[in-house]
>>> print(open('coords.cif').read())   # mmCIF, C-alpha atoms and all ligand atoms
data_run
loop_
_atom_site.label_atom_id
_atom_site.label_comp_id
_atom_site.auth_asym_id
_atom_site.auth_seq_id
_atom_site.Cartn_x
_atom_site.Cartn_y
_atom_site.Cartn_z
CA MET G 1367 0.00 0.00 0.00
CA PRO G 1368 1.55 3.33 -0.97
CA PHE G 1369 2.33 5.82 1.74
CA PRO G 1370 1.21 9.25 0.58
CA THR G 1371 3.56 10.85 3.08
CA LEU G 1372 6.58 9.19 1.53
CA ARG G 1373 5.45 10.18 -1.95
CA THR G 1374 5.14 13.74 -0.74
CA TRP G 1375 8.59 13.73 0.84
CA PHE G 1376 10.56 11.82 -1.73
CA GLY G 1377 8.60 12.20 -4.95
CA PRO G 1378 9.77 14.54 -7.73
CA LYS G 1379 9.36 18.19 -6.75
CA PRO G 1380 8.37 20.93 -9.15
CA SER G 1381 11.50 22.83 -10.15
CA THR G 1382 11.64 26.40 -8.89
CA ALA G 1383 14.69 27.18 -11.02
CA LEU G 1384 12.98 26.73 -14.37
CA PRO G 1385 10.06 28.88 -15.42
CA ALA G 1386 6.89 26.83 -15.79
CA LYS G 1387 5.91 26.20 -19.39
CA THR G 1388 3.14 28.26 -20.90
CA LYS G 1389 0.51 26.34 -22.82
CA ASP G 1390 0.29 26.99 -26.52
CA ARG G 1391 -2.30 29.74 -26.92
CA SER G 1392 -0.62 31.32 -29.94
CA GLY G 1393 -3.62 30.59 -32.18
CA LEU G 1394 -6.19 32.31 -29.95
CA ARG G 1395 -7.62 35.69 -30.91
CA VAL G 1396 -9.03 37.84 -28.13
CA GLY G 1397 -11.25 40.86 -28.75
CA ILE G 1398 -11.52 43.63 -26.15
CA PRO G 1399 -14.19 46.35 -26.47
CA LYS G 1400 -12.34 49.70 -26.20
CA VAL G 1401 -14.78 51.27 -23.77
CA LEU G 1402 -15.05 52.79 -20.28
CA ASN G 1403 -12.06 52.02 -18.06
CA ILE G 1404 -10.32 49.93 -20.67
CA TRP G 1405 -9.08 53.40 -21.66
CA SER G 1406 -6.98 53.53 -18.49
CA THR G 1407 -6.20 49.81 -18.03
CA HIS G 1408 -5.56 48.56 -21.59
CA GLN G 1409 -1.88 47.94 -20.95
CA PHE G 1410 -2.69 45.60 -18.10
CA TRP G 1411 -4.82 43.43 -20.37
CA ILE G 1412 -2.20 43.40 -23.11
CA GLY G 1413 0.55 42.47 -20.63
CA PHE G 1414 -1.66 39.82 -19.04
CA LEU G 1415 -2.68 38.15 -22.30
CA LYS G 1416 0.81 38.27 -23.79
CA ALA G 1417 2.20 36.60 -20.67
CA LEU G 1418 -0.31 33.79 -21.26
CA GLY G 1419 1.23 33.28 -24.70
CA ILE G 1420 -1.30 35.15 -26.82
CA PRO G 1421 0.62 37.12 -29.49
CA GLY G 1422 0.16 40.90 -29.53
CA GLU G 1423 -1.31 40.80 -33.04
CA ASN G 1424 -4.05 38.46 -31.80
CA ILE G 1425 -5.24 40.97 -29.20
CA VAL G 1426 -7.85 43.04 -31.01
CA PHE G 1427 -9.41 46.24 -29.69
CA SER G 1428 -12.58 47.65 -31.22
CA SER G 1429 -12.30 51.01 -33.01
CA ASP G 1430 -13.11 54.40 -31.52
CA THR G 1431 -16.78 55.03 -30.84
CA SER G 1432 -18.76 56.38 -33.80
CA GLU G 1433 -22.35 56.62 -34.93
CA GLU G 1434 -21.57 54.37 -37.90
CA GLN G 1435 -20.18 51.73 -35.55
CA PHE G 1436 -23.38 51.83 -33.50
CA ARG G 1437 -25.64 51.83 -36.58
CA GLU G 1438 -23.83 48.98 -38.28
CA PHE G 1439 -23.08 46.70 -35.36
CA GLY G 1440 -25.07 47.73 -32.30
CA LYS G 1441 -28.48 48.59 -33.59
CA GLY G 1442 -31.34 46.61 -32.12
CA ARG G 1443 -29.15 45.47 -29.26
CA GLY G 1444 -29.46 48.68 -27.27
CA THR G 1445 -29.83 48.94 -23.57
CA VAL G 1446 -32.15 50.93 -21.39
CA ASP G 1447 -29.15 52.57 -19.77
CA CYS G 1448 -29.24 56.34 -20.19
CA CYS G 1449 -25.44 56.67 -19.84
CA TYR G 1450 -24.00 57.23 -23.30
CA PRO G 1451 -20.53 55.71 -22.63
CA VAL G 1452 -22.37 52.49 -21.62
CA LYS G 1453 -24.97 52.62 -24.39
CA CYS G 1454 -22.35 52.88 -27.13
CA MET G 1455 -20.73 49.63 -25.95
CA SER G 1456 -23.12 47.55 -28.06
CA GLY G 1457 -21.50 48.97 -31.22
CA HIS G 1458 -18.09 47.86 -29.90
CA TYR G 1459 -19.31 44.36 -29.03
CA GLY G 1460 -20.98 44.03 -32.45
CA GLU G 1461 -17.87 45.20 -34.28
CA LEU G 1462 -15.78 42.56 -32.53
CA ILE G 1463 -18.32 39.84 -33.27
CA PHE G 1464 -19.39 40.70 -36.82
CA GLY G 1465 -16.79 43.13 -38.14
CA GLN G 1466 -13.49 41.20 -38.04
CA LYS G 1467 -11.76 39.79 -41.11
CA LYS G 1468 -10.25 37.13 -38.87
CA LYS G 1469 -12.76 35.93 -36.29
CA ILE G 1470 -12.02 36.31 -32.61
CA ASN G 1471 -12.30 33.30 -30.31
CA VAL G 1472 -12.86 35.15 -27.04
CA LEU G 1473 -14.60 38.44 -26.33
CA LEU G 1474 -13.06 39.75 -23.11
CA SER G 1475 -15.01 42.52 -21.41
CA PRO G 1476 -13.97 42.80 -17.75
CA MET G 1477 -16.32 44.02 -15.04
CA ILE G 1478 -13.89 46.35 -13.31
CA TYR G 1479 -14.83 46.95 -9.68
CA THR G 1480 -11.87 48.98 -8.39
CA LEU G 1481 -9.09 50.74 -10.29
CA PRO G 1482 -5.38 51.09 -9.82
CA SER G 1483 -4.84 54.76 -9.07
CA PHE G 1484 -1.94 56.98 -8.02
CA LEU G 1485 -4.33 58.26 -5.32
CA ARG G 1486 -4.83 54.82 -3.76
CA GLY G 1487 -3.90 54.91 -0.07
CA HIS G 1488 -4.61 58.64 0.08
CA VAL G 1489 -8.34 58.34 -0.57
CA LEU G 1490 -11.11 56.17 0.88
CA ASP G 1491 -11.38 53.88 -2.14
CA THR G 1492 -10.83 53.70 -5.89
CA ALA G 1493 -14.10 52.10 -6.96
CA THR G 1494 -15.50 52.48 -10.45
CA CYS G 1495 -18.87 53.96 -11.24
CA THR G 1496 -21.48 51.21 -10.80
CA ARG G 1497 -22.39 51.57 -14.47
CA VAL G 1498 -18.78 50.95 -15.49
CA MET G 1499 -18.82 47.80 -13.41
CA ALA G 1500 -22.19 46.52 -14.59
CA GLY G 1501 -21.93 47.76 -18.19
CA PRO G 1502 -20.58 44.48 -19.65
CA GLU G 1503 -23.50 42.46 -18.21
CA ASN G 1504 -25.97 45.02 -19.43
CA ILE G 1505 -24.60 44.92 -22.99
CA ARG G 1506 -24.12 41.15 -23.04
CA ALA G 1507 -27.86 40.77 -22.47
CA GLY G 1508 -28.55 42.61 -25.72
CA PHE G 1509 -26.59 39.93 -27.60
CA GLN G 1510 -28.36 37.05 -25.93
CA LYS G 1511 -31.92 38.26 -25.54
CA GLU G 1512 -33.38 36.40 -28.53
CA ARG G 1513 -30.65 33.93 -29.27
CA ASP G 1514 -27.06 33.53 -28.14
CA VAL G 1515 -25.04 35.49 -30.69
CA PHE G 1516 -21.76 34.52 -29.03
CA ALA G 1517 -22.50 30.80 -29.33
CA GLU G 1518 -23.74 31.19 -32.91
CA ASN G 1519 -20.43 32.82 -33.84
CA ASP G 1520 -18.36 30.36 -31.86
CA ILE G 1521 -17.10 33.07 -29.53
CA ILE G 1522 -16.58 32.59 -25.81
CA TYR G 1523 -17.84 35.58 -23.83
CA ALA G 1524 -15.61 36.26 -20.81
CA SER G 1525 -16.42 38.96 -18.31
CA PRO G 1526 -14.24 38.58 -15.22
CA PHE G 1527 -15.17 40.59 -12.15
CA VAL G 1528 -11.90 42.18 -11.17
CA SER G 1529 -10.74 44.41 -8.31
CA MET G 1530 -7.84 46.00 -10.14
CA GLY G 1531 -7.20 48.42 -7.27
CA ASP G 1532 -6.34 45.43 -5.03
CA PRO G 1533 -3.57 43.61 -6.91
CA GLN G 1534 -3.44 40.80 -4.35
CA MET G 1535 -7.06 39.86 -5.18
CA VAL G 1536 -6.61 39.86 -8.93
CA PRO G 1537 -4.85 36.49 -9.55
CA LYS G 1538 -7.61 34.62 -7.74
CA GLU G 1539 -10.39 36.59 -9.43
CA LEU G 1540 -8.95 36.12 -12.92
CA TYR G 1541 -8.08 32.49 -12.33
CA GLU G 1542 -11.59 31.67 -11.11
CA SER G 1543 -13.32 33.37 -14.00
CA LEU G 1544 -10.91 32.61 -16.85
CA LYS G 1545 -9.53 29.16 -16.02
CA ASP G 1546 -11.90 27.37 -18.40
CA VAL G 1547 -11.68 30.06 -21.08
CA PHE G 1548 -7.87 29.90 -21.40
CA ASP G 1549 -7.17 26.55 -19.68
CA LEU G 1550 -5.24 28.31 -16.92
CA ASP G 1551 -3.48 27.10 -13.85
CA PHE G 1552 -3.19 29.39 -10.87
CA GLU G 1553 0.57 29.92 -10.96
CA GLU G 1554 0.63 31.09 -14.57
CA THR G 1555 -2.35 33.35 -13.87
CA ARG G 1556 -0.42 34.93 -11.00
CA ARG G 1557 2.63 35.51 -13.21
CA ALA G 1558 0.48 36.93 -16.00
CA VAL G 1559 -1.19 39.34 -13.56
CA GLU G 1560 2.24 40.53 -12.44
CA ALA G 1561 3.23 41.09 -16.07
CA GLY G 1562 -0.02 43.00 -16.61
CA TYR G 1563 0.63 45.40 -13.75
CA GLU G 1564 4.21 45.87 -14.88
CA ALA G 1565 3.09 46.77 -18.40
CA LEU G 1566 0.52 49.20 -17.04
CA GLU G 1567 3.02 50.88 -14.71
CA ASN G 1568 5.60 51.19 -17.48
CA PHE G 1569 3.07 52.80 -19.77
CA ASN G 1570 1.87 55.24 -17.10
CA ARG G 1571 5.46 56.13 -16.27
CA ARG G 1572 6.23 56.85 -19.94
CA MET G 1573 3.13 59.00 -20.31
CA ARG G 1574 3.94 60.98 -17.16
CA ALA G 1575 7.50 61.50 -18.39
CA LYS G 1576 6.08 62.91 -21.65
CA SER G 1577 3.81 65.26 -19.70
CA ARG G 1578 6.78 66.39 -17.66
CA GLU G 1579 8.67 67.17 -20.88
CA ILE G 1580 5.75 69.34 -21.98
CA LEU G 1581 5.59 71.14 -18.63
CA THR G 1582 9.35 71.70 -18.65
CA TRP G 1583 9.11 73.20 -22.11
CA CYS G 1584 6.31 75.49 -20.91
CA ALA G 1585 8.31 76.52 -17.82
CA ARG G 1586 11.49 77.26 -19.76
CA ASN G 1587 9.64 79.25 -22.41
CA GLN G 1588 7.02 80.76 -20.10
CA LYS G 1589 4.27 79.35 -22.31
CA PRO G 1590 0.83 78.16 -21.18
CA CYS G 1591 -0.71 74.73 -21.56
CA ILE G 1592 -4.24 73.41 -21.10
CA LEU G 1593 -5.27 70.65 -18.69
CA ILE G 1594 -8.17 68.31 -19.51
CA LEU G 1595 -10.27 67.15 -16.57
CA ALA G 1596 -12.37 64.23 -17.71
CA ARG G 1597 -12.95 60.52 -17.34
CA PRO G 1598 -10.52 58.24 -19.23
CA TYR G 1599 -13.06 57.37 -21.96
CA HIS G 1600 -13.32 61.03 -22.96
CA MET G 1601 -10.03 60.34 -24.77
CA ASP G 1602 -12.21 58.38 -27.22
CA PRO G 1603 -12.89 60.78 -30.14
CA GLY G 1604 -16.48 59.47 -30.34
CA ILE G 1605 -17.10 60.48 -26.73
CA GLY G 1606 -14.85 63.50 -26.20
CA HIS G 1607 -15.26 64.82 -29.78
CA GLU G 1608 -11.53 65.68 -29.95
CA ILE G 1609 -12.10 69.14 -28.54
CA GLU G 1610 -8.64 69.04 -27.02
CA VAL G 1611 -7.14 68.22 -30.43
CA ASN G 1612 -8.86 71.28 -31.83
CA LEU G 1613 -7.35 73.44 -29.09
CA GLN G 1614 -3.93 71.97 -29.66
CA THR G 1615 -3.99 73.08 -33.29
CA HIS G 1616 -3.97 76.64 -31.92
CA GLY G 1617 -0.53 75.96 -30.44
CA TYR G 1618 -1.45 75.15 -26.85
CA PRO G 1619 -0.04 71.86 -25.54
CA ILE G 1620 -2.60 69.60 -23.87
CA LEU G 1621 -2.12 67.62 -20.68
CA TRP G 1622 -4.55 64.96 -19.45
CA MET G 1623 -4.92 64.92 -15.69
CA GLN G 1624 -4.55 61.09 -15.66
CA TYR G 1625 -0.94 61.42 -16.83
CA PHE G 1626 0.19 64.50 -14.94
CA PRO G 1627 3.77 63.94 -13.65
CA ILE G 1628 3.73 62.93 -9.99
CA ASP G 1629 7.47 63.09 -9.24
CA ASP G 1630 8.32 64.01 -5.64
CA ASP G 1631 10.14 67.22 -6.52
CA LEU G 1632 7.21 68.59 -8.49
CA MET G 1633 4.59 67.45 -5.98
CA ASN G 1634 6.49 68.95 -3.06
CA TRP G 1635 6.91 72.20 -4.93
CA LEU G 1636 3.22 72.48 -5.81
CA PHE G 1637 1.79 71.20 -2.53
CA GLY G 1638 4.61 72.15 -0.10
CA PRO G 1639 2.79 75.24 1.24
CA ASP G 1640 -0.39 73.18 1.94
CA LEU G 1641 1.64 70.40 3.58
CA ARG G 1642 3.51 72.82 5.82
CA ALA G 1643 0.28 74.54 6.78
CA GLY G 1644 -1.15 71.12 7.76
CA ARG G 1645 -4.05 71.36 5.31
CA ILE G 1646 -3.21 67.99 3.72
CA ARG G 1647 -1.26 64.89 4.75
CA SER G 1648 0.31 64.26 1.34
CA PRO G 1649 0.26 65.82 -2.14
CA PHE G 1650 -2.36 63.20 -3.06
CA ASP G 1651 -4.67 63.91 -0.16
CA ILE G 1652 -7.94 65.44 -1.37
CA SER G 1653 -9.78 65.43 1.95
CA ASP G 1654 -9.52 69.23 2.06
CA VAL G 1655 -11.88 69.46 -0.92
CA TRP G 1656 -13.70 66.10 -1.20
CA ASP G 1657 -14.90 64.08 1.79
CA SER G 1658 -16.46 61.03 0.16
CA SER G 1659 -13.45 59.97 -1.85
CA TYR G 1660 -14.66 56.50 -2.90
CA SER G 1661 -14.89 56.84 -6.65
CA SER G 1662 -11.60 56.56 -8.50
CA ASN G 1663 -12.20 58.75 -11.54
CA THR G 1664 -14.05 61.35 -9.48
CA ASN G 1665 -11.17 61.51 -6.98
CA GLU G 1666 -8.70 62.05 -9.79
CA ILE G 1667 -10.80 64.83 -11.31
CA LEU G 1668 -10.84 66.65 -7.96
CA TRP G 1669 -7.10 66.14 -7.55
CA GLY G 1670 -6.55 67.41 -11.10
CA ALA G 1671 -8.46 70.58 -10.23
CA LYS G 1672 -6.13 71.16 -7.27
CA VAL G 1673 -3.07 70.67 -9.48
CA ALA G 1674 -4.45 73.04 -12.09
CA ALA G 1675 -5.09 75.72 -9.49
CA ARG G 1676 -1.44 75.57 -8.39
CA CYS G 1677 0.61 74.79 -11.50
CA PRO G 1678 1.62 78.12 -13.09
CA TRP G 1679 1.74 76.96 -16.72
CA ILE G 1680 -1.71 75.42 -16.63
CA THR G 1681 -3.58 78.60 -17.37
CA CYS G 1682 -6.77 76.94 -18.57
CA VAL G 1683 -8.82 73.86 -17.63
CA ILE G 1684 -11.32 72.15 -19.90
CA ARG G 1685 -13.88 69.92 -18.20
CA PHE G 1686 -15.76 67.24 -20.16
CA SER G 1687 -18.76 65.19 -19.13
CA SER G 1688 -21.23 62.93 -20.89
CA TYR G 1689 -25.03 62.93 -20.81
CA GLU G 1690 -26.31 64.06 -17.41
CA CYS G 1691 -23.88 61.87 -15.58
CA GLY G 1692 -24.94 61.56 -11.95
CA MET G 1693 -21.36 60.88 -10.89
CA ASP G 1694 -20.16 64.13 -12.43
CA GLN G 1695 -23.03 66.39 -11.38
CA PRO G 1696 -21.94 66.93 -7.76
CA THR G 1697 -18.39 67.71 -8.82
CA TYR G 1698 -19.10 70.56 -11.26
CA THR G 1699 -19.20 73.35 -8.70
CA PRO G 1700 -16.29 72.14 -6.53
CA THR G 1701 -13.93 71.63 -9.48
CA GLN G 1702 -14.82 74.99 -10.98
CA LYS G 1703 -14.38 76.74 -7.63
CA ILE G 1704 -11.03 75.04 -6.97
CA VAL G 1705 -9.65 75.96 -10.39
CA GLU G 1706 -10.97 79.51 -10.32
CA ALA G 1707 -9.68 80.10 -6.79
CA SER G 1708 -6.35 80.98 -8.42
CA ARG G 1709 -8.16 82.72 -11.30
CA THR G 1710 -7.14 79.94 -13.69
CA LEU G 1711 -9.48 79.84 -16.69
CA PHE G 1712 -12.18 77.15 -16.55
CA PHE G 1713 -14.46 75.98 -19.39
CA LYS G 1714 -16.91 73.12 -19.29
CA PHE G 1715 -18.31 71.00 -22.11
CA GLY G 1716 -21.16 69.10 -20.47
CA ASP G 1717 -23.68 66.66 -21.86
CA LEU G 1718 -21.33 65.95 -24.76
CA ASP G 1719 -23.30 63.18 -26.42
CA ALA G 1720 -26.59 65.07 -26.31
CA THR G 1721 -25.25 68.39 -27.57
CA LYS G 1722 -22.93 66.81 -30.18
CA PRO G 1723 -20.89 69.96 -30.30
CA ALA G 1724 -19.44 69.46 -33.80
CA GLY G 1725 -20.97 72.70 -35.08
CA SER G 1726 -20.56 74.87 -32.04
CA VAL G 1727 -17.20 73.60 -30.93
CA ASN G 1728 -15.19 75.82 -33.27
CA ILE G 1729 -16.88 78.93 -31.94
CA ARG G 1730 -16.27 77.89 -28.36
CA VAL G 1731 -12.68 76.95 -29.10
CA GLU G 1732 -12.10 80.41 -30.56
CA THR G 1733 -13.49 81.98 -27.39
CA ILE G 1734 -11.25 79.81 -25.23
CA VAL G 1735 -8.20 80.62 -27.34
CA HIS G 1736 -8.98 84.33 -27.04
CA TYR G 1737 -9.01 84.16 -23.23
CA VAL G 1738 -5.95 81.93 -23.05
CA GLU G 1739 -4.02 84.36 -25.23
CA LYS G 1740 -5.17 87.37 -23.29
CA TYR G 1741 -4.71 86.18 -19.70
CA SER G 1742 -2.07 83.43 -19.68
CA GLN G 1743 0.99 85.54 -18.87
CA GLU G 1744 -0.79 87.22 -15.99
CA ILE G 1745 -1.94 83.84 -14.61
CA ILE G 1746 1.56 82.34 -14.89
CA GLN G 1747 3.18 85.22 -13.03
CA ARG G 1748 0.52 85.31 -10.32
CA LYS G 1749 0.84 81.59 -9.56
CA LEU G 1750 4.65 81.70 -9.67
CA ALA G 1751 4.63 84.42 -7.04
CA TRP G 1752 2.77 82.08 -4.62
CA LEU G 1753 5.16 79.16 -5.01
CA PRO G 1754 8.54 78.71 -3.30
CA GLU G 1755 11.80 78.99 -5.23
CA PRO G 1756 13.47 77.18 -6.92
CA CYS G 1757 11.13 75.59 -9.44
CA PRO G 1758 12.16 71.96 -10.16
CA LEU G 1759 11.35 72.36 -13.86
CA LEU G 1760 13.86 75.16 -14.47
S1 LIG S 1801 -19.31 58.02 -14.55
FE1 LIG S 1801 -21.12 58.82 -15.59
S2 LIG S 1801 -20.61 58.76 -17.77
FE2 LIG S 1801 -19.20 57.41 -16.71
S3 LIG S 1801 -20.11 55.37 -16.79
FE3 LIG S 1801 -20.72 56.31 -14.85
S4 LIG S 1801 -22.69 57.24 -15.26
FE4 LIG S 1801 -21.72 56.85 -17.25
#
>>> encode(input="coords.cif", output="structure tokens", more="lines below")
Ligand code: SF4
Amino acid sequence: MPFPTLRTWFGPKPSTALPAKTKDRSGLRVGIPKVLNIWSTHQFWIGFLKALGIPGENIVFSSDTSEEQFREFGKGRGTVDCCYPVKCMSGHYGELIFGQKKKINVLLSPMIYTLPSFLRGHVLDTATCTRVMAGPENIRAGFQKERDVFAENDIIYASPFVSMGDPQMVPKELYESLKDVFDLDFEETRRAVEAGYEALENFNRRMRAKSREILTWCARNQKPCILILARPYHMDPGIGHEIEVNLQTHGYPILWMQYFPIDDDLMNWLFGPDLRAGRIRSPFDISDVWDSSYSSNTNEILWGAKVAARCPWITCVIRFSSYECGMDQPTYTPTQKIVEASRTLFFKFGDLDATKPAGSVNIRVETIVHYVEKYSQEIIQRKLAWLPEPCPLL
């Protein structure tokens, strides 16, 4: 009779020196709808899937949002949701299912519950909007209400619930929900999650370094730039209408709050006076302006407003929001007040999907440009006078 104990003690042990083999997944094609917080986490998913052996060229994102995309691929599969960034997801799903030359095998649309954020640890939580989290389920229903479109097209629908703000939870969550989809074992899932976070951090670091280059150029040349305060999916031209691109053509560099440089020297310069006065505990503390700091993108918008109020070369802030977003509504007045406290220019484009500002945007952009031209030098000098010397960008 075999003694299990002896087998355990003396049997062959898994080698720790050699990396475990990855299964052959090189033939799999994975489609990811480019919606909602995929706009801020895409690099994680690329890093994760590549580490599982799926080649980069087999990871397919849907195109930017457009009316044609919705008409061609999403029509008839709409949702009762009034939030436009959620509603437009059906066009993205449809494009991945029906609009690919080479069919995808898996449609991966994660239900993201919490987000990785540079504010994590300084705020109460980094949860997503409930619609962001539930959006995939909502849209999936539209593709299964009469018959199962995924099954008909031989596509596996995968929608892992994932707490991306808690990296220690993620391997278990992704293993549980994706093990049958990709034939995973736990250890390779854990390694792939690590690779995903590494890819995301590298990307964010590169983007912040680029923003720092822009700010340095502005500081050395005493030129203004414009900061965009918006949710990550407003980078999608179909949702944000490329208003910032339009402004950039007038010669004003654009920074997105999500990728503002957060190096110690710059943070201490901008927030040093508040820290010394005991108003905040760290440069990323927003409790002085926002008590209920649970929602990740909202927290970052409030933090971005504080940065804009202090940073001399940000002479103008543009705020975007979609439909009558209930998450954004309570933040309009505080963000505007924070930015304008230092008499930095503030302009808001609200209800973007309903107003479809294509016609009016040029007129508004001209107005903004007029004010930026007229007041920027005064704003730069005023804010510089409040800040300690020396400036780390000079
Ligand atoms: S934050 Fe607003 S716009 Fe974004 S998903 Fe939620 S409800 Fe929609």
>>> residues_near_ligand(input="coords.cif", ligand="ligand LIG 1801 (chain S)", cutoff="10 Å", atoms="all atoms listed in the file", output="ChimeraX atom specification")
/G:1401-1403,1447-1453,1494-1501,1596-1600,1605,1661-1664,1687-1695,1717
>>> atom_distance(input="coords.cif", atom1="CA of Gly1413 in chain G", atom2="CA of Val1559 in chain G")
7.9 Å
>>> closest_residue(input="coords.cif", among="G:Thr1710, G:Asn1568, G:Thr1697, G:Gln1624", to="Ile1594 in chain G", atoms="all atoms listed in the file")
G:Gln1624
>>> closest_residue(input="coords.cif", among="G:Met1623, G:Cys1757, G:Val1655, G:Ile1745", to="Phe1484 in chain G", atoms="all atoms listed in the file")
G:Met1623
>>> residues_around(input="coords.cif", residues="Glu1539 in chain G", least_positions_apart="3", cutoff="10 Å", atoms="all atoms listed in the file", output="list in words")
Pro1526, Phe1527, Val1528, Ser1529, Met1530, Gln1534, Met1535, Val1536, Glu1542, Ser1543, Leu1544, Lys1545 and Thr1555 of chain G
>>> residues_near_point(input="coords.cif", point="(5.7, 63.0, -21.2)", cutoff="12 Å", atoms="all atoms listed in the file", output="compact mmCIF listing (two decimals) with C-alpha atoms, in the frame of the given file")
# COMPACT_ATOMS: atom_id res chain seq x y z
CA PHE G 1569 3.07 52.80 -19.77
CA ASN G 1570 1.87 55.24 -17.10
CA ARG G 1571 5.46 56.13 -16.27
CA ARG G 1572 6.23 56.85 -19.94
CA MET G 1573 3.13 59.00 -20.31
CA ARG G 1574 3.94 60.98 -17.16
CA ALA G 1575 7.50 61.50 -18.39
CA LYS G 1576 6.08 62.91 -21.65
CA SER G 1577 3.81 65.26 -19.70
CA ARG G 1578 6.78 66.39 -17.66
CA GLU G 1579 8.67 67.17 -20.88
CA ILE G 1580 5.75 69.34 -21.98
CA LEU G 1581 5.59 71.14 -18.63
CA THR G 1582 9.35 71.70 -18.65
CA TRP G 1583 9.11 73.20 -22.11
CA PRO G 1619 -0.04 71.86 -25.54
CA ILE G 1620 -2.60 69.60 -23.87
CA LEU G 1621 -2.12 67.62 -20.68
CA TRP G 1622 -4.55 64.96 -19.45
CA GLN G 1624 -4.55 61.09 -15.66
CA TYR G 1625 -0.94 61.42 -16.83
CA PHE G 1626 0.19 64.50 -14.94
CA PRO G 1627 3.77 63.94 -13.65
CA ILE G 1628 3.73 62.93 -9.99
>>> decode(input="coords.cif", residues="range 1405-1410 of chain G", atoms="all heavy atoms", output="short mmCIF file (atom, residue, chain, number, x, y, z; two decimals), in the first residue's frame")
data_model
loop_
_atom_site.label_atom_id
_atom_site.label_comp_id
_atom_site.auth_asym_id
_atom_site.auth_seq_id
_atom_site.Cartn_x
_atom_site.Cartn_y
_atom_site.Cartn_z
N TRP G 1405 -9.92 52.28 -21.24
CA TRP G 1405 -9.08 53.40 -21.66
C TRP G 1405 -7.95 53.68 -20.67
O TRP G 1405 -6.95 54.29 -21.05
CB TRP G 1405 -9.94 54.66 -21.88
CG TRP G 1405 -10.60 54.62 -23.22
CD1 TRP G 1405 -11.78 54.02 -23.53
CD2 TRP G 1405 -10.09 55.16 -24.45
NE1 TRP G 1405 -12.04 54.16 -24.88
CE2 TRP G 1405 -11.02 54.86 -25.46
CE3 TRP G 1405 -8.95 55.88 -24.79
CZ2 TRP G 1405 -10.85 55.25 -26.79
CZ3 TRP G 1405 -8.77 56.26 -26.10
CH2 TRP G 1405 -9.71 55.95 -27.09
N SER G 1406 -8.09 53.29 -19.42
CA SER G 1406 -6.98 53.53 -18.49
C SER G 1406 -6.29 52.23 -18.06
O SER G 1406 -5.29 52.28 -17.34
CB SER G 1406 -7.45 54.31 -17.25
OG SER G 1406 -8.50 53.62 -16.62
N THR G 1407 -6.81 51.08 -18.49
CA THR G 1407 -6.20 49.81 -18.03
C THR G 1407 -5.75 48.92 -19.18
O THR G 1407 -5.34 47.78 -18.95
CB THR G 1407 -7.20 49.01 -17.15
OG1 THR G 1407 -8.36 48.70 -17.94
CG2 THR G 1407 -7.64 49.77 -15.93
N HIS G 1408 -5.83 49.42 -20.42
CA HIS G 1408 -5.56 48.56 -21.59
C HIS G 1408 -4.22 47.85 -21.51
O HIS G 1408 -4.10 46.69 -21.87
CB HIS G 1408 -5.64 49.36 -22.90
CG HIS G 1408 -4.95 50.68 -22.86
ND1 HIS G 1408 -3.64 50.86 -23.21
CD2 HIS G 1408 -5.39 51.91 -22.46
CE1 HIS G 1408 -3.31 52.12 -23.06
NE2 HIS G 1408 -4.35 52.79 -22.61
N GLN G 1409 -3.21 48.56 -20.97
CA GLN G 1409 -1.88 47.94 -20.95
C GLN G 1409 -1.83 46.73 -20.02
O GLN G 1409 -1.07 45.80 -20.25
CB GLN G 1409 -0.82 48.97 -20.54
CG GLN G 1409 -0.64 50.07 -21.56
CD GLN G 1409 -0.13 49.55 -22.90
OE1 GLN G 1409 0.79 48.75 -22.97
NE2 GLN G 1409 -0.74 50.02 -23.98
N PHE G 1410 -2.64 46.77 -18.98
CA PHE G 1410 -2.69 45.60 -18.10
C PHE G 1410 -3.17 44.39 -18.89
O PHE G 1410 -2.59 43.30 -18.81
CB PHE G 1410 -3.64 45.84 -16.91
CG PHE G 1410 -3.88 44.61 -16.11
CD1 PHE G 1410 -3.02 44.28 -15.06
CD2 PHE G 1410 -4.92 43.73 -16.41
CE1 PHE G 1410 -3.21 43.10 -14.33
CE2 PHE G 1410 -5.12 42.55 -15.69
CZ PHE G 1410 -4.26 42.25 -14.65
#
